[in-house]
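A.B. asks: Here you go, this is model28.cif (mmCIF, C-alpha atoms, pLDDT in the B column; chains and numbers go by the auth columns).
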```cif
data_input
loop_
_atom_site.group_PDB
_atom_site.id
_atom_site.type_symbol
_atom_site.label_atom_id
_atom_site.label_comp_id
_atom_site.label_asym_id
_atom_site.label_seq_id
_atom_site.Cartn_x
_atom_site.Cartn_y
_atom_site.Cartn_z
_atom_site.B_iso_or_equiv
_atom_site.auth_seq_id
_atom_site.auth_asym_id
ATOM 1 C CA MET A 1 -8.845 -4.097 27.303 44.00 70 A
ATOM 2 C CA GLU A 2 -9.190 -1.943 30.426 45.00 71 A
ATOM 3 C CA HIS A 3 -12.478 -0.111 30.990 45.00 72 A
ATOM 4 C CA ASN A 4 -13.537 2.564 33.446 47.00 73 A
ATOM 5 C CA HIS A 5 -16.625 2.355 35.654 43.00 74 A
ATOM 6 C CA LEU A 6 -18.822 3.534 32.757 37.00 75 A
ATOM 7 C CA GLY A 7 -17.717 0.615 30.583 38.00 76 A
ATOM 8 C CA VAL A 8 -15.757 2.888 28.211 40.00 77 A
ATOM 9 C CA PRO A 9 -12.173 1.917 27.299 47.00 78 A
ATOM 10 C CA SER A 10 -9.684 3.675 29.580 50.00 79 A
ATOM 11 C CA ASP A 11 -7.171 6.191 28.233 52.00 80 A
ATOM 12 C CA SER A 12 -4.285 3.771 28.744 51.00 81 A
ATOM 13 C CA ALA A 13 -6.121 0.959 26.953 50.00 82 A
ATOM 14 C CA THR A 14 -7.006 3.296 24.085 54.00 83 A
ATOM 15 C CA ARG A 15 -3.397 4.443 23.710 56.00 84 A
ATOM 16 C CA THR A 16 -2.201 0.829 23.712 56.00 85 A
ATOM 17 C CA SER A 17 -4.755 -0.100 21.042 70.00 86 A
ATOM 18 C CA ILE A 18 -3.755 2.834 18.844 75.00 87 A
ATOM 19 C CA TRP A 19 -0.039 2.051 19.054 81.00 88 A
ATOM 20 C CA THR A 20 -0.675 -1.632 18.393 82.00 89 A
ATOM 21 C CA SER A 21 -2.633 -0.668 15.274 84.00 90 A
ATOM 22 C CA VAL A 22 0.114 1.673 14.075 86.00 91 A
ATOM 23 C CA TRP A 23 2.895 -0.889 14.546 90.00 92 A
ATOM 24 C CA THR A 24 0.827 -3.621 12.914 87.00 93 A
ATOM 25 C CA ALA A 25 0.374 -1.510 9.789 93.00 94 A
ATOM 26 C CA ALA A 26 3.931 -0.157 9.892 94.00 95 A
ATOM 27 C CA PHE A 27 5.300 -3.698 9.643 95.00 96 A
ATOM 28 C CA LEU A 28 3.700 -4.102 6.208 95.00 97 A
ATOM 29 C CA GLY A 29 5.153 -0.746 5.206 96.00 98 A
ATOM 30 C CA LEU A 30 8.617 -1.920 6.257 97.00 99 A
ATOM 31 C CA VAL A 31 8.212 -5.060 4.154 97.00 100 A
ATOM 32 C CA VAL A 32 7.334 -2.947 1.111 97.00 101 A
ATOM 33 C CA TYR A 33 10.351 -0.674 1.677 97.00 102 A
ATOM 34 C CA ALA A 34 12.699 -3.643 2.149 98.00 103 A
ATOM 35 C CA VAL A 35 11.506 -5.234 -1.091 98.00 104 A
ATOM 36 C CA GLY A 36 11.851 -1.859 -2.807 97.00 105 A
ATOM 37 C CA ILE A 37 15.487 -1.554 -1.735 97.00 106 A
ATOM 38 C CA ILE A 38 16.254 -5.085 -2.928 98.00 107 A
ATOM 39 C CA ASN A 39 14.489 -4.406 -6.218 97.00 108 A
ATOM 40 C CA GLU A 40 16.499 -1.248 -6.832 96.00 109 A
ATOM 41 C CA ILE A 41 19.792 -2.933 -5.948 97.00 110 A
ATOM 42 C CA THR A 42 19.017 -5.751 -8.396 97.00 111 A
ATOM 43 C CA SER A 43 18.061 -3.334 -11.191 96.00 112 A
ATOM 44 C CA TYR A 44 14.352 -4.086 -10.745 96.00 113 A
ATOM 45 C CA THR A 45 14.619 -7.752 -11.610 97.00 114 A
ATOM 46 C CA LEU A 46 11.828 -8.423 -9.097 97.00 115 A
ATOM 47 C CA ASN A 47 9.412 -6.769 -11.512 96.00 116 A
ATOM 48 C CA ASP A 48 9.304 -10.125 -13.278 95.00 117 A
ATOM 49 C CA TYR A 49 7.143 -11.352 -10.384 96.00 118 A
ATOM 50 C CA GLY A 50 4.293 -8.964 -11.098 97.00 119 A
ATOM 51 C CA ILE A 51 0.884 -10.058 -12.347 98.00 120 A
ATOM 52 C CA TYR A 52 0.694 -10.567 -16.086 96.00 121 A
ATOM 53 C CA PRO A 53 -2.932 -11.417 -16.885 98.00 122 A
ATOM 54 C CA ARG A 54 -3.800 -14.822 -18.321 97.00 123 A
ATOM 55 C CA GLU A 55 -0.152 -15.897 -18.431 96.00 124 A
ATOM 56 C CA ILE A 56 0.848 -18.905 -16.319 96.00 125 A
ATOM 57 C CA GLY A 57 4.079 -17.122 -15.433 94.00 126 A
ATOM 58 C CA GLY A 58 2.039 -14.287 -13.960 95.00 127 A
ATOM 59 C CA LEU A 59 0.267 -16.462 -11.392 97.00 128 A
ATOM 60 C CA PRO A 60 2.897 -16.059 -8.615 96.00 129 A
ATOM 61 C CA GLY A 61 2.317 -12.322 -8.852 97.00 130 A
ATOM 62 C CA ILE A 62 -1.120 -12.781 -7.280 98.00 131 A
ATOM 63 C CA ALA A 63 0.649 -13.466 -3.982 97.00 132 A
ATOM 64 C CA VAL A 64 3.682 -11.164 -4.205 97.00 133 A
ATOM 65 C CA SER A 65 3.098 -8.325 -6.682 98.00 134 A
ATOM 66 C CA TRP A 66 1.704 -6.048 -3.962 97.00 135 A
ATOM 67 C CA ALA A 67 5.195 -5.778 -2.427 97.00 136 A
ATOM 68 C CA ILE A 68 6.944 -4.881 -5.704 98.00 137 A
ATOM 69 C CA HIS A 69 7.087 -1.349 -7.128 97.00 138 A
ATOM 70 C CA GLY A 70 8.456 -0.187 -10.436 95.00 139 A
ATOM 71 C CA SER A 71 10.220 2.939 -9.169 95.00 140 A
ATOM 72 C CA PRO A 72 10.978 4.873 -5.957 95.00 141 A
ATOM 73 C CA ALA A 73 8.163 7.307 -6.804 95.00 142 A
ATOM 74 C CA HIS A 74 5.719 4.417 -7.211 96.00 143 A
ATOM 75 C CA LEU A 75 6.800 3.063 -3.830 97.00 144 A
ATOM 76 C CA MET A 76 6.481 6.423 -2.082 95.00 145 A
ATOM 77 C CA ASN A 77 3.004 7.012 -3.492 95.00 146 A
ATOM 78 C CA ASN A 78 1.769 3.752 -1.978 97.00 147 A
ATOM 79 C CA ALA A 79 3.740 3.376 1.251 96.00 148 A
ATOM 80 C CA LEU A 80 2.219 6.167 3.346 96.00 149 A
ATOM 81 C CA PRO A 81 -1.470 5.459 2.617 97.00 150 A
ATOM 82 C CA LEU A 82 -0.717 1.741 3.046 97.00 151 A
ATOM 83 C CA VAL A 83 0.418 2.407 6.617 97.00 152 A
ATOM 84 C CA ILE A 84 -2.147 5.081 7.528 96.00 153 A
ATOM 85 C CA LEU A 85 -5.222 3.332 6.161 97.00 154 A
ATOM 86 C CA GLY A 86 -3.856 0.010 7.382 97.00 155 A
ATOM 87 C CA ALA A 87 -3.610 1.423 10.900 95.00 156 A
ATOM 88 C CA PHE A 88 -7.239 2.573 10.654 96.00 157 A
ATOM 89 C CA VAL A 89 -8.265 -0.959 9.663 95.00 158 A
ATOM 90 C CA ALA A 90 -6.141 -2.470 12.455 93.00 159 A
ATOM 91 C CA VAL A 91 -8.165 -0.484 15.005 91.00 160 A
ATOM 92 C CA HIS A 92 -10.907 -3.033 14.264 90.00 161 A
ATOM 93 C CA GLY A 93 -8.546 -5.760 15.502 89.00 162 A
ATOM 94 C CA GLN A 94 -5.353 -7.431 14.345 89.00 163 A
ATOM 95 C CA SER A 95 -7.156 -10.556 13.146 90.00 164 A
ATOM 96 C CA THR A 96 -9.540 -8.398 11.110 93.00 165 A
ATOM 97 C CA TYR A 97 -6.565 -6.523 9.639 95.00 166 A
ATOM 98 C CA ILE A 98 -4.814 -9.753 8.643 94.00 167 A
ATOM 99 C CA LYS A 99 -7.956 -11.362 7.177 96.00 168 A
ATOM 100 C CA THR A 100 -8.826 -8.191 5.254 97.00 169 A
ATOM 101 C CA THR A 101 -5.302 -7.861 3.856 97.00 170 A
ATOM 102 C CA VAL A 102 -5.117 -11.495 2.722 97.00 171 A
ATOM 103 C CA PHE A 103 -8.623 -11.358 1.249 98.00 172 A
ATOM 104 C CA VAL A 104 -7.938 -8.155 -0.706 98.00 173 A
ATOM 105 C CA VAL A 105 -4.605 -9.468 -2.030 98.00 174 A
ATOM 106 C CA ALA A 106 -6.147 -12.767 -3.128 98.00 175 A
ATOM 107 C CA VAL A 107 -9.388 -11.476 -4.642 98.00 176 A
ATOM 108 C CA SER A 108 -7.969 -8.431 -6.413 98.00 177 A
ATOM 109 C CA GLY A 109 -4.954 -10.417 -7.650 98.00 178 A
ATOM 110 C CA ILE A 110 -7.059 -13.250 -9.065 98.00 179 A
ATOM 111 C CA LEU A 111 -9.465 -10.863 -10.786 98.00 180 A
ATOM 112 C CA VAL A 112 -6.626 -8.804 -12.272 98.00 181 A
ATOM 113 C CA TRP A 113 -5.045 -12.012 -13.601 98.00 182 A
ATOM 114 C CA LEU A 114 -8.367 -13.106 -15.091 98.00 183 A
ATOM 115 C CA VAL A 115 -9.602 -9.891 -16.717 97.00 184 A
ATOM 116 C CA GLY A 116 -6.860 -7.260 -16.445 96.00 185 A
ATOM 117 C CA LYS A 117 -5.348 -5.562 -19.451 95.00 186 A
ATOM 118 C CA PRO A 118 -2.271 -7.299 -20.910 94.00 187 A
ATOM 119 C CA ALA A 119 0.397 -5.408 -18.983 94.00 188 A
ATOM 120 C CA LEU A 120 2.556 -5.892 -15.913 96.00 189 A
ATOM 121 C CA HIS A 121 0.588 -5.066 -12.739 97.00 190 A
ATOM 122 C CA LEU A 122 2.675 -4.131 -9.705 97.00 191 A
ATOM 123 C CA GLY A 123 2.354 -2.352 -6.382 97.00 192 A
ATOM 124 C CA ALA A 124 0.406 -2.074 -3.138 98.00 193 A
ATOM 125 C CA SER A 125 -2.268 0.266 -4.469 97.00 194 A
ATOM 126 C CA GLY A 126 -4.776 -2.582 -4.629 98.00 195 A
ATOM 127 C CA ILE A 127 -4.364 -3.068 -0.867 98.00 196 A
ATOM 128 C CA VAL A 128 -4.636 0.694 -0.297 98.00 197 A
ATOM 129 C CA PHE A 129 -7.937 0.760 -2.166 98.00 198 A
ATOM 130 C CA GLY A 130 -8.994 -2.368 -0.276 98.00 199 A
ATOM 131 C CA TYR A 131 -8.403 -0.680 3.087 98.00 200 A
ATOM 132 C CA PHE A 132 -10.289 2.372 1.863 98.00 201 A
ATOM 133 C CA GLY A 133 -13.233 0.214 0.797 98.00 202 A
ATOM 134 C CA TYR A 134 -13.183 -1.648 4.116 98.00 203 A
ATOM 135 C CA LEU A 135 -13.285 1.548 6.161 98.00 204 A
ATOM 136 C CA LEU A 136 -16.170 3.005 4.164 98.00 205 A
ATOM 137 C CA SER A 137 -18.063 -0.271 4.410 97.00 206 A
ATOM 138 C CA ARG A 138 -17.600 -0.535 8.179 95.00 207 A
ATOM 139 C CA GLY A 139 -18.576 3.093 8.710 95.00 208 A
ATOM 140 C CA LEU A 140 -21.824 2.574 6.811 96.00 209 A
ATOM 141 C CA LEU A 141 -22.681 -0.829 8.273 94.00 210 A
ATOM 142 C CA GLU A 142 -21.531 -0.469 11.869 92.00 211 A
ATOM 143 C CA ARG A 143 -22.267 3.214 12.442 89.00 212 A
ATOM 144 C CA SER A 144 -20.430 3.347 15.774 91.00 213 A
ATOM 145 C CA ALA A 145 -18.817 6.703 16.503 93.00 214 A
ATOM 146 C CA LEU A 146 -15.294 5.360 15.999 91.00 215 A
ATOM 147 C CA ALA A 147 -16.092 3.414 12.811 94.00 216 A
ATOM 148 C CA VAL A 148 -17.727 6.512 11.315 96.00 217 A
ATOM 149 C CA ALA A 149 -14.787 8.676 12.416 96.00 218 A
ATOM 150 C CA LEU A 150 -12.287 6.301 10.799 96.00 219 A
ATOM 151 C CA ALA A 151 -14.293 6.326 7.557 97.00 220 A
ATOM 152 C CA PHE A 152 -14.526 10.125 7.690 98.00 221 A
ATOM 153 C CA PHE A 153 -10.778 10.592 8.095 98.00 222 A
ATOM 154 C CA ALA A 154 -10.094 8.031 5.369 98.00 223 A
ATOM 155 C CA VAL A 155 -12.222 10.093 2.975 98.00 224 A
ATOM 156 C CA LEU A 156 -10.735 13.362 4.219 98.00 225 A
ATOM 157 C CA LEU A 157 -7.169 12.171 3.675 97.00 226 A
ATOM 158 C CA TYR A 158 -7.522 9.966 0.604 97.00 227 A
ATOM 159 C CA GLY A 159 -10.995 10.443 -0.893 96.00 228 A
ATOM 160 C CA GLY A 160 -9.392 11.694 -4.092 95.00 229 A
ATOM 161 C CA ILE A 161 -7.956 8.263 -4.849 95.00 230 A
ATOM 162 C CA LEU A 162 -11.375 7.042 -5.980 94.00 231 A
ATOM 163 C CA ILE A 163 -10.698 8.530 -9.401 94.00 232 A
ATOM 164 C CA GLY A 164 -8.134 5.739 -9.698 94.00 233 A
ATOM 165 C CA VAL A 165 -10.873 3.143 -10.262 94.00 234 A
ATOM 166 C CA LEU A 166 -11.768 4.723 -13.599 92.00 235 A
ATOM 167 C CA PRO A 167 -10.450 2.980 -16.744 91.00 236 A
ATOM 168 C CA GLY A 168 -8.317 4.529 -19.447 80.00 237 A
ATOM 169 C CA GLN A 169 -5.528 5.989 -17.297 81.00 238 A
ATOM 170 C CA GLU A 170 -2.154 5.471 -18.900 82.00 239 A
ATOM 171 C CA GLY A 171 0.307 3.526 -16.775 86.00 240 A
ATOM 172 C CA VAL A 172 -2.236 2.934 -13.993 92.00 241 A
ATOM 173 C CA SER A 173 -3.634 -0.455 -12.999 95.00 242 A
ATOM 174 C CA TRP A 174 -7.182 0.773 -12.485 96.00 243 A
ATOM 175 C CA GLU A 175 -8.239 -2.884 -12.356 97.00 244 A
ATOM 176 C CA SER A 176 -6.168 -3.394 -9.202 97.00 245 A
ATOM 177 C CA HIS A 177 -7.730 -0.297 -7.712 98.00 246 A
ATOM 178 C CA LEU A 178 -11.298 -1.257 -8.581 97.00 247 A
ATOM 179 C CA PHE A 179 -11.032 -4.900 -7.553 98.00 248 A
ATOM 180 C CA GLY A 180 -9.140 -3.966 -4.392 98.00 249 A
ATOM 181 C CA PHE A 181 -11.836 -1.473 -3.417 98.00 250 A
ATOM 182 C CA ILE A 182 -14.615 -3.995 -4.044 98.00 251 A
ATOM 183 C CA ALA A 183 -12.781 -6.715 -2.117 98.00 252 A
ATOM 184 C CA GLY A 184 -12.254 -4.349 0.800 98.00 253 A
ATOM 185 C CA ALA A 185 -15.919 -3.375 0.861 98.00 254 A
ATOM 186 C CA VAL A 186 -16.910 -7.056 0.870 97.00 255 A
ATOM 187 C CA ALA A 187 -14.436 -7.720 3.689 97.00 256 A
ATOM 188 C CA GLY A 188 -16.109 -4.923 5.637 95.00 257 A
ATOM 189 C CA ARG A 189 -19.369 -6.811 5.326 94.00 258 A
ATOM 190 C CA TYR A 190 -18.108 -10.271 6.198 91.00 259 A
ATOM 191 C CA PHE A 191 -15.088 -9.628 8.451 87.00 260 A
ATOM 192 C CA PRO A 192 -16.499 -7.212 10.989 73.00 261 A
ATOM 193 C CA ARG A 193 -15.283 -6.832 14.497 60.00 262 A
ATOM 194 C CA ARG A 194 -17.552 -4.254 16.018 54.00 263 A
ATOM 195 C CA ILE A 195 -15.773 -1.619 18.083 51.00 264 A
ATOM 196 C CA ARG A 196 -17.493 -2.088 21.404 51.00 265 A
ATOM 197 C CA GLN A 197 -18.714 0.468 23.920 47.00 266 A
ATOM 198 C CA GLN A 198 -19.036 3.136 21.247 49.00 267 A
ATOM 199 C CA PRO A 199 -22.274 5.081 20.794 49.00 268 A
ATOM 200 C CA ARG A 200 -24.129 4.104 17.646 53.00 269 A
ATOM 201 C CA PHE A 201 -25.523 6.773 15.365 50.00 270 A
ATOM 202 C CA ARG A 202 -29.217 6.262 14.662 55.00 271 A
ATOM 203 C CA VAL A 203 -31.980 8.156 12.934 50.00 272 A
ATOM 204 C CA ILE A 204 -34.619 9.646 15.245 52.00 273 A
ATOM 205 C CA ASP A 205 -37.916 11.319 14.558 50.00 274 A
ATOM 206 C CA GLY A 206 -37.529 15.019 15.236 50.00 275 A
ATOM 207 C CA SER A 207 -41.079 15.950 14.281 46.00 276 A
ATOM 208 C CA GLY A 208 -42.307 15.911 17.869 47.00 277 A
#
```
Written as structure tokens, that's how I'd like the structure from this file.

C.D. replies:
Amino acid sequence: MEHNHLGVPSDSATRTSIWTSVWTAAFLGLVVYAVGIINEITSYTLNDYGIYPREIGGLPGIAVSWAIHGSPAHLMNNALPLVILGAFVAVHGQSTYIKTTVFVVAVSGILVWLVGKPALHLGASGIVFGYFGYLLSRGLLERSALAVALAFFAVLLYGGILIGVLPGQEGVSWESHLFGFIAGAVAGRYFPRRIRQQPRFRVIDGSG
């Protein structure tokens, strides 16, 4: 990455990093849309590959259910935050984005299969909640200006989704949301890539 004489990333390097992050996240969004089109054309036969807890036939869903949505509305609700929050995570580095995504998919999927309610669990919302959890975790742990800003905008744009972790919502896989959020927060602790050359917020004694 290019830096100026103060050691701060140059404008051109920053723009390149931002666009790389956007395209990285957009690719996953394109995958979800492509699967959605195929699913609709085939009269939603792909729904059979969702997670059905404690059923052997539901095990493949741990790996693929995130890409499958039960309706166009379901797909639309998940696609935009998947790309936006994913781009925020990708700012921390492409390898961090990939590791976080795989970790959230695996952990949330396994836990849903183990303890989820007996219903078909589909959709990318677990990843969305995972990205949200990651961004909050990094903002709190890293406390660089950019990490805090990314966490702030995540809350500003999608803070209301946290109600989705509460049980008892009809037709909602709150287990996917809760386990995805927890997995993302854990990833923020163990998969950090500190955003360098950013001022770090710290507490100072103002009594003097």

A.B. asks: Extract, using all atoms listed in the file, all DNA, RNA and protein residues at most 10 Å from Leu210 in chain A, discarding same-chain residues fewer than 6 positions from it, and format them as a ChimeraX atom specification.

C.D. replies: /A:204,216-217,257-258,261,263

A.B. asks: Could you please take those selected residues and save C-alpha atoms as a compact mmCIF listing (two decimals), in the frame of the given file?

C.D. replies:
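The file below, part.txt, is the result:
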```txt
# COMPACT_ATOMS: atom_id res chain seq x y z
CA LEU A 204 -13.28 1.55 6.16
CA ALA A 216 -16.09 3.41 12.81
CA VAL A 217 -17.73 6.51 11.32
CA GLY A 257 -16.11 -4.92 5.64
CA ARG A 258 -19.37 -6.81 5.33
CA PRO A 261 -16.50 -7.21 10.99
CA ARG A 263 -17.55 -4.25 16.02
```

A.B. asks: Separation of CA of Gly229 in chain A and CA of Leu191 in chain A, in Å?

C.D. replies: 20.7 Å

A.B. asks: Report as a ChimeraX atom specification all protein, DNA and RNA residues lying within 8 Å of Leu154 in chain A, evaluated on all atoms listed in the file, omitting residues in the same chain fewer than 4 positions from it.

C.D. replies: /A:150,158,197,200-201,223

A.B. asks: My list of candidates is A:Tyr118, A:Phe250, A:Phe260, A:Trp88. Which is closest to Phe157 in chain A when distances are computed with all atoms listed in the file?

C.D. replies: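 With all atoms listed in the file as the atom set, the closest residue is A:Trp88.
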
A.B. asks: So what do you get for CA of Leu149 in chain A versus CA of Thr165 in chain A, distance-wise?

C.D. replies: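 Distance between the two atoms: 20.3 Å.
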
A.B. asks: Residues within 8 Å of Leu97 in chain A, please, as a VMD selection string. Count all atoms listed in the file; anything in the same chain fewer than 3 positions from it doesn't count.

C.D. replies: chain A and resid 93 to 94 100 to 101 151 to 152

A.B. asks: Check the smallest atom-to-atom distance from each of A:Leu235, A:Ala254, A:Ala148, A:Ala95 to Ala220 in chain A using all atoms listed in the file, then report the winner.

C.D. replies: A:Ala254

A.B. asks: To one decimal in Å, tell me the separation between CA of Ile179 in chain A and CA of Ser112 in chain A.

C.D. replies: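 For CA of Ile179 in chain A relative to CA of Ser112 in chain A, the distance reads 27.1 Å.
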
A.B. asks: Going by the chain IDs and residue numbers used in this file, which residues fall under the PyMOL selection byres ((chain A and resi 185) around 9)? Write them as a ChimeraX atom specification.

C.D. replies: /A:121-123,180-184,186-188,190,242-245

A.B. asks: The PyMOL selection byres ((chain A and resi 108) around 12) - which residues does that actually catch in the file I just gave you? List them as a PyMOL selection string.

C.D. replies: chain A and resi 101-107+109-118+136-141+144

A.B. asks: Could the residues in this selection be written to a file with C-alpha atoms, as a PDB file, in the coordinates of the input?

C.D. replies:
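Writing the result to selection.pdb gives the following:
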```
ATOM      1  CA  VAL A 101       7.334  -2.947   1.111  1.00 97.00           C
ATOM      2  CA  TYR A 102      10.351  -0.674   1.677  1.00 97.00           C
ATOM      3  CA  ALA A 103      12.699  -3.643   2.149  1.00 98.00           C
ATOM      4  CA  VAL A 104      11.506  -5.234  -1.091  1.00 98.00           C
ATOM      5  CA  GLY A 105      11.851  -1.859  -2.807  1.00 97.00           C
ATOM      6  CA  ILE A 106      15.487  -1.554  -1.735  1.00 97.00           C
ATOM      7  CA  ILE A 107      16.254  -5.085  -2.928  1.00 98.00           C
ATOM      8  CA  GLU A 109      16.499  -1.248  -6.832  1.00 96.00           C
ATOM      9  CA  ILE A 110      19.792  -2.933  -5.948  1.00 97.00           C
ATOM     10  CA  THR A 111      19.017  -5.751  -8.396  1.00 97.00           C
ATOM     11  CA  SER A 112      18.061  -3.334 -11.191  1.00 96.00           C
ATOM     12  CA  TYR A 113      14.352  -4.086 -10.745  1.00 96.00           C
ATOM     13  CA  THR A 114      14.619  -7.752 -11.610  1.00 97.00           C
ATOM     14  CA  LEU A 115      11.828  -8.423  -9.097  1.00 97.00           C
ATOM     15  CA  ASN A 116       9.412  -6.769 -11.512  1.00 96.00           C
ATOM     16  CA  ASP A 117       9.304 -10.125 -13.278  1.00 95.00           C
ATOM     17  CA  TYR A 118       7.143 -11.352 -10.384  1.00 96.00           C
ATOM     18  CA  ALA A 136       5.195  -5.778  -2.427  1.00 97.00           C
ATOM     19  CA  ILE A 137       6.944  -4.881  -5.704  1.00 98.00           C
ATOM     20  CA  HIS A 138       7.087  -1.349  -7.128  1.00 97.00           C
ATOM     21  CA  GLY A 139       8.456  -0.187 -10.436  1.00 95.00           C
ATOM     22  CA  SER A 140      10.220   2.939  -9.169  1.00 95.00           C
ATOM     23  CA  PRO A 141      10.978   4.873  -5.957  1.00 95.00           C
ATOM     24  CA  LEU A 144       6.800   3.063  -3.830  1.00 97.00           C
TER      25      LEU A 144
END
```

A.B. asks: Pick out the closest residue to Val174 in chain A from this set: A:Leu99, A:Ile232, A:Ile196, A:Ala142. Count all atoms listed in the file.

C.D. replies: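 Of all the options, A:Ile196 lies closest to Val174 in chain A.
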
A.B. asks: Considering all atoms listed in the file, state which residue in the set A:Ala156, A:Leu215, A:Val133, A:Leu247 is at the smallest distance from Phe96 in chain A.

C.D. replies: A:Ala156

A.B. asks: Which residues are near Val255 in chain A? Cut-off 8 Å, all atoms listed in the file, ignore same chain within fewer than 4 positions. Put them as a VMD selection string.

C.D. replies: chain A and resid 203 206 251 259

A.B. asks: Which of these, A:Phe221, A:Ile131, A:Gly119, A:Tyr227, has the shortest distance to Leu209 in chain A once you count all atoms listed in the file?

C.D. replies: A:Phe221

A.B. asks: Produce the centre coordinates and the three edge lengths, each in Å to one decimal, of the box along x, y and z that contains all listed atoms of range 194-202 of chain A with 6 Å added on each side, as AutoDock Vina command-line options.

C.D. replies:
```
--center_x -7.8 --center_y -0.3 --center_z -0.8 --size_x 23.0 --size_y 17.4 --size_z 19.7
```
